[in-house]
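S.K.: Just passing along the structure, written as structure tokens.
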Amino acid sequence: MFKHLLVPVDGSELSERAAQVSLELAQRLGARITGFVAEPMPPLPTMSTHAATYMREADEHNARTEAHARKVLQAFGAKATELGVPYQGKFLRADGVDDAIVAAAVEFECDMIVMVTHGRGAFGELLFGSHTKNVMSRSKLPLLVLR
């Protein structure tokens, strides 16, 4: 059945739920997990930003987002190790989180994606968007959606 799950996480309480459920599922299926974090690219400079200032701010942003991704993925990996679930953690910087998730699933040869949804409803989705809905519309893989 499913042998390799992609689980996008961001360190939030909701993504912790996706991590926990995916670990239990992987354990039952004998599957492996790729934990995935898509961090935002540094903001573009403004017209008044000096090149040296922008480079420093971009470097700080990259260091901060990499540290965050490593922390989230290491915590996920520790839980996987406790349960004996094969695990790898991957992160990248991307302009579009949704496209990055879909591309990662293909690149890492996953056969299912496990995500959470905020369940904000139509109005909330209009205001904030929905990564889960966007991934569902872009991916050819099965998507397990948790609330």
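Convention: chains lettered A, B, ... in structure tokens order; per-chain residue numbering from 1; ligands numbered from 1 as shown.
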As a ChimeraX atom specification, list the residues of chain A assigned to strand (DSSP E or B) by DSSP on the backbone atoms of this structure.

M.R.: /A:4-8,32-40,87-94,112-116,143-146

S.K.: Those selected residues, please, written with C-alpha atoms and delivered as an mmCIF file, in the first residue's frame.

M.R.:
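Resulting contents of part_0.cif:
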```
data_model
loop_
_atom_site.group_PDB
_atom_site.id
_atom_site.type_symbol
_atom_site.label_atom_id
_atom_site.label_comp_id
_atom_site.auth_asym_id
_atom_site.auth_seq_id
_atom_site.Cartn_x
_atom_site.Cartn_y
_atom_site.Cartn_z
ATOM 1 C CA HIS A 4 6.760 6.498 1.825
ATOM 2 C CA LEU A 5 4.911 9.436 3.378
ATOM 3 C CA LEU A 6 5.790 13.099 2.897
ATOM 4 C CA VAL A 7 4.811 15.122 5.960
ATOM 5 C CA PRO A 8 5.176 18.902 5.666
ATOM 6 C CA ARG A 32 9.056 5.465 6.010
ATOM 7 C CA ILE A 33 8.605 9.201 6.433
ATOM 8 C CA THR A 34 10.204 12.251 4.939
ATOM 9 C CA GLY A 35 9.580 15.263 7.156
ATOM 10 C CA PHE A 36 9.633 18.414 5.052
ATOM 11 C CA VAL A 37 9.940 22.099 5.870
ATOM 12 C CA ALA A 38 9.615 24.806 3.222
ATOM 13 C CA GLU A 39 11.060 28.050 4.557
ATOM 14 C CA PRO A 40 10.404 31.404 2.875
ATOM 15 C CA TYR A 87 12.848 8.900 8.776
ATOM 16 C CA GLN A 88 14.678 11.587 6.860
ATOM 17 C CA GLY A 89 14.260 15.323 7.236
ATOM 18 C CA LYS A 90 14.552 17.754 4.339
ATOM 19 C CA PHE A 91 14.121 21.485 4.012
ATOM 20 C CA LEU A 92 14.464 24.115 1.363
ATOM 21 C CA ARG A 93 13.753 27.765 0.827
ATOM 22 C CA ALA A 94 10.940 28.419 -1.594
ATOM 23 C CA MET A 112 1.249 9.882 -0.077
ATOM 24 C CA ILE A 113 1.267 13.337 1.513
ATOM 25 C CA VAL A 114 -0.019 13.882 5.063
ATOM 26 C CA MET A 115 -1.116 17.426 5.947
ATOM 27 C CA VAL A 116 -3.293 19.292 8.404
ATOM 28 C CA LEU A 143 -3.395 13.356 0.314
ATOM 29 C CA LEU A 144 -4.396 12.483 3.864
ATOM 30 C CA VAL A 145 -5.927 15.626 5.386
ATOM 31 C CA LEU A 146 -6.161 15.921 9.173
#
```

S.K.: For the alpha helix (DSSP H) assignment from backbone DSSP, which residues of region 13-146 of chain A qualify? Please present them as a ChimeraX atom specification.

M.R.: /A:13-29,51-83,97-107,121-128,131-138

S.K.: Go through A:Met41, A:Arg147, A:Leu83, A:Arg17 one by one, measure the shortest atom-to-atom distance of each to Thr65 (chain A) using only C-alpha atoms, and give the residue with the smallest value.

M.R.: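 Among the listed residues, A:Met41 lies closest to Thr65 (chain A).
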
S.K.: If I take CA of Val102 (chain A) and CA of Ser139 (chain A), how far is one from the other in Å, to one decimal?

M.R.: 5.7 Å

S.K.: Suppose you want the space between CA of Arg70 (chain A) and CA of Val21 (chain A); what is it in Å?

M.R.: 20.6 Å

S.K.: What does the distance between CA of Glu82 (chain A) and CA of Ile101 (chain A) come to in Å, to one decimal place?

M.R.: 25.6 Å

S.K.: Counting only C-alpha atoms, figure out which residue out of A:Ser22, A:Lys3, A:Glu109, A:Ser137 gets nearest to Phe76 (chain A).

M.R.: A:Ser22

S.K.: Compare A:Ala19, A:Ala69, A:Cys110, A:Met136 by their minimum atom-to-atom distance to Asp98 (chain A), counting only C-alpha atoms, and give me the closest one.

M.R.: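 Nearest candidate to Asp98 (chain A) out of A:Ala19, A:Ala69, A:Cys110, A:Met136: A:Met136.
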
S.K.: Rank nothing, just name the residue among A:Pro43, A:Tyr54, A:Leu29, A:Asn62 nearest to Asp95 (chain A), using only C-alpha atoms.

M.R.: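 Under the stated criterion, the closest residue is A:Pro43.
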
S.K.: My list of candidates is A:Met1, A:Ala100, A:Ala67, A:Val106. Which is closest to Gly30 (chain A) when distances are computed with only C-alpha atoms?

M.R.: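 Of A:Met1, A:Ala100, A:Ala67, A:Val106, the one nearest Gly30 (chain A), counting only C-alpha atoms, is A:Met1.
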
S.K.: Nearest to Ala18 (chain A) among A:Thr117, A:Val135, A:Glu107, A:Ala52, with distances taken over only C-alpha atoms: which residue is it?

M.R.: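 When distances to Ala18 (chain A) are compared using only C-alpha atoms, the smallest one comes from A:Thr117.
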